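**Q** Sharing a structure here in structure tokens format.
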Protein chains: 2
Amino acid sequence: MTYLQGGDGLKRREFLATAGLAAAGLAACSKPAAEPKPQAPGAAARKTYEWKMATSWPPGFPVFQTGMEQFAARVKEMSGGRLSIRVYAGGELIPPLEVFDAISAGTVEMGHSASYYWAGKAPELQLFTTSPFGLTAQQFNAWFYHGGGLELMHEMYKPYNIITFPSCNTGVQMGGWFNRKIERIEDFNGLKMRIPGLGGRVVAKAGVNVVLMAAGELYTALERGTIDALEWVGPYHDLKLGFYRAAKYYYYPGWHEPGTMLELMVNLKAWESLPKDLQMIVEAAAAQSNLLGLAEFDAKNGEALNELVNTYKAQVLKFPDEVLKTLHGYAREVLEEEAAKSPGQRKVYDAFRAFAGRVEPWTRMSERAFMEAKGL
Amino acid sequence: MTYLQGGDGLKRREFLATAGLAAAGLAACSKPAAEPKPQAPGAAARKTYEWKMATSWPPGFPVFQTGMEQFAARVKEMSGGRLSIRVYAGGELIPPLEVFDAISAGTVEMGHSASYYWAGKAPELQLFTTSPFGLTAQQFNAWFYHGGGLELMHEMYKPYNIITFPSCNTGVQMGGWFNRKIERIEDFNGLKMRIPGLGGRVVAKAGVNVVLMAAGELYTALERGTIDALEWVGPYHDLKLGFYRAAKYYYYPGWHEPGTMLELMVNLKAWESLPKDLQMIVEAAAAQSNLLGLAEFDAKNGEALNELVNTYKAQVLKFPDEVLKTLHGYAREVLEEEAAKSPGQRKVYDAFRAFAGRVEPWTRMSERAFMEAKGL
């Protein structure tokens, strides 16, 4: 999944959002508002903050954008109105893929996005989102919260004046929609596929002609044969975009994005200006969003998958084992090539790989063995 | 380790806490204390609450008890000291398995335990903890937060004057320590095993002589041959209890507890007395504990497993497929027998099973297929 937007819907909503701001007479200030009763005891602890969050998602984009609207509502409620966050979709205030720069510069206090979008300018951050044949959501959480991952992410983001927190995970995505059957690795050769990031680098090794295009163009490109295949997210989001009408085969598993973590980004100075209790509220609400986001994906993907298969007769196919094995080999090469590019990339990759080596034997004996025992 | 710094430490800490409260002019009562400046705007929202939590865990019990101490610290910080929860281990205030009654009666406001402990008096609640061949932690979260599970749990607990929230998950446990190899289902026949709850009911169908005993007696019973086998939690906890010195074989997977959910319990009237912002803080902190608990298990089980295998040479074995298949069949029988016992049990089981039927095909295509592709 990556997101590049398009659509008139966005422009209309952009207008409405802007008009709404003006009508409500709200000052779009980024500084803490004045405390109404500064002499009262505990006044410092009752300052109010009016913050802005810019995301990389389309307006109303399920789970991603709606999850952050719920996050903002919870933070406001938990803080008794002291921290109020106005959430803007991609393009409403900041272009979707410029969120990083806006937060780094302090133009907005908060953002919601994925670190692999900044791979061009900060490649050492990309593994914090996901990686081909990387960790599942559950393993990723173990790394972040009890394996040093969060501390490392904070350290690597610090030079950019940003602090981030895990705040959603898609779980294992789907492998994508194909108009050609994939029966052996050679079937990737010459295929025109929209698959960005490291996943794209992996299939390029198998001869795929990797195409990048905006989300709004995907359906038409697939339908007209401009591309032969694409990957997006999972059944819930893919059903909404109607890809089942434009492609015959829906492949799994999404080896290229096995647990995509979206992050709450906060300008570091803004973060440090918050009193401890509000910091703790933001951290707890982000963790809650992380948990609830994955739960929503699992619940809704199950329902959407059922609809895709039974109502729309999508042909759901598994990539052959030999194909997956070959892609796994290519993925290791791509990750090693990336790690060799800078000390930062090496540091994150080595930490990530060391943790994977510790957690994987346990996953094999617990989740994996249980699923097998149950016949899943 | 006992609670806090040990017996004397507890008393000293209790004293200091009381002294501190007195100095601050706050009453250490369980009812909302009076607001010092009742005329100030927002005074009602700044009442303070001094609550007690009774758990079913030994003092200092990792993840379970320590997780709740962290929960209480976070709630106190997030609420700016307005909700202060003193956490008592099992037996310090309330016997471990009487937590349900104490919360129901309002003797304490909060508790931390597992619903399957009350199966004798409220059997309709037991499936909210886990069930043999039931849901994994990730699937269980999907049910609770986006599949109606939480609402159903609230409905079923309401007659007991209790509201509960998921607040930890062990993930898939281990199958247990055995002094006899399990090569076919007949090897369970006549085995003396400590395995409580529905899991015990399942192996009883295979001829196991199910034994119940307190945690403190387990090691000696296994070493002396009073029992042939036992199940406890997973590598992290099992390593601490030293079972590897008393049994030869460590079996996986823990088919009987594939995602044990521990719950934060709150007396319903106490809950309703909280202002909305404190309710939201408690809910967020519980969700955070749910996420962090599983992350801690995954990170620490991986390390402990490594130590058990490489340092202590534990023989880790997988239950044979045929054995698991037979146990799965027995588990279905046990769950059906339970569901037939009362309308409440039927209702929970049917809702649980319907959700499982929706989420499982998705798990098969996502987490399961990915783990297989990666060779886990």
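In the structure tokens, the first chain shown is A, the next is B, and so on; residue numbers restart at 1 for each chain, and ligands run from 1 in the order shown.
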Could you list, as number ranges by chain, every residue of chain B that has an atom within 6 Å of an atom of chain A, counting only C-alpha atoms?
**A** B: 77-78, 141-142, 146, 172, 253, 277, 280-281, 284, 287-288, 295-296, 298-299, 302, 358-359, 362, 364, 366-367, 369-370, 376
**Q** Write the selection just made, keeping C-alpha atoms, as a short mmCIF file (atom, residue, chain, number, x, y, z; two decimals), in the first residue's frame?
**A**
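Output file selection_5.cif follows:
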```cif
data_model
loop_
_atom_site.label_atom_id
_atom_site.label_comp_id
_atom_site.auth_asym_id
_atom_site.auth_seq_id
_atom_site.Cartn_x
_atom_site.Cartn_y
_atom_site.Cartn_z
CA GLU B 77 0.00 10.42 35.68
CA MET B 78 -2.56 10.85 32.89
CA ASN B 141 -8.83 -8.29 19.80
CA ALA B 142 -10.72 -8.08 16.51
CA HIS B 146 -14.63 -4.48 16.26
CA VAL B 172 -0.41 -18.74 22.50
CA PRO B 253 1.63 -25.53 20.93
CA ASP B 277 -12.52 11.93 31.03
CA MET B 280 -11.63 7.38 28.87
CA ILE B 281 -8.24 7.42 30.59
CA ALA B 284 -7.03 3.88 27.04
CA ALA B 287 -5.94 -1.00 25.91
CA GLN B 288 -2.31 0.08 26.24
CA ALA B 295 4.51 -7.44 23.33
CA GLU B 296 6.34 -8.22 26.57
CA ASP B 298 6.57 -12.19 22.78
CA ALA B 299 9.87 -10.44 23.47
CA GLY B 302 11.70 -15.60 22.71
CA ARG B 358 -15.73 -14.70 9.73
CA VAL B 359 -12.19 -13.91 10.84
CA TRP B 362 -8.79 -13.94 6.64
CA ARG B 364 -5.51 -18.10 6.90
CA SER B 366 -2.81 -13.19 5.95
CA GLU B 367 -0.84 -14.12 9.09
CA ALA B 369 0.04 -17.80 4.81
CA PHE B 370 2.75 -15.24 5.44
CA LEU B 376 8.40 -19.92 10.23
#
```
**Q** Taking the backbone alone, and naming residues the way the document does, which bits of stretch 129-198 of chain B are alpha helix (DSSP H) by DSSP, as a PyMOL selection string?
**A** chain B and resi 137-146+149-157+197-198
**Q** Taking every C-alpha atom in sequence order, what RMSD separates chain B from chain A after the best least-squares fit?
**A**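 Overlaying the two chains on their C-alpha atoms yields 3.4 Å.
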**Q** Could you name the residues that touch A:Lys181 at 10 Å or less, counting only C-alpha atoms, but leaving out those on the same chain fewer than 2 positions away, as a PyMOL selection string?
**A** chain A and resi 178-179+183-184+187-188+248-251+317+319
**Q** So that I can see what lies close to A:Lys52, please list as a list in words the residues with an atom at most 10 Å from it, counting only C-alpha atoms and leaving out residues fewer than 4 positions away in the same chain.
**A**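 The contact residues come out as Ala28, Cys29, Ser30, Ala72, Ser84, Ile85, Arg86, Val87, Tyr88, Leu93, Thr107, Val108, Glu109, Met110 and Gly111 of chain A.
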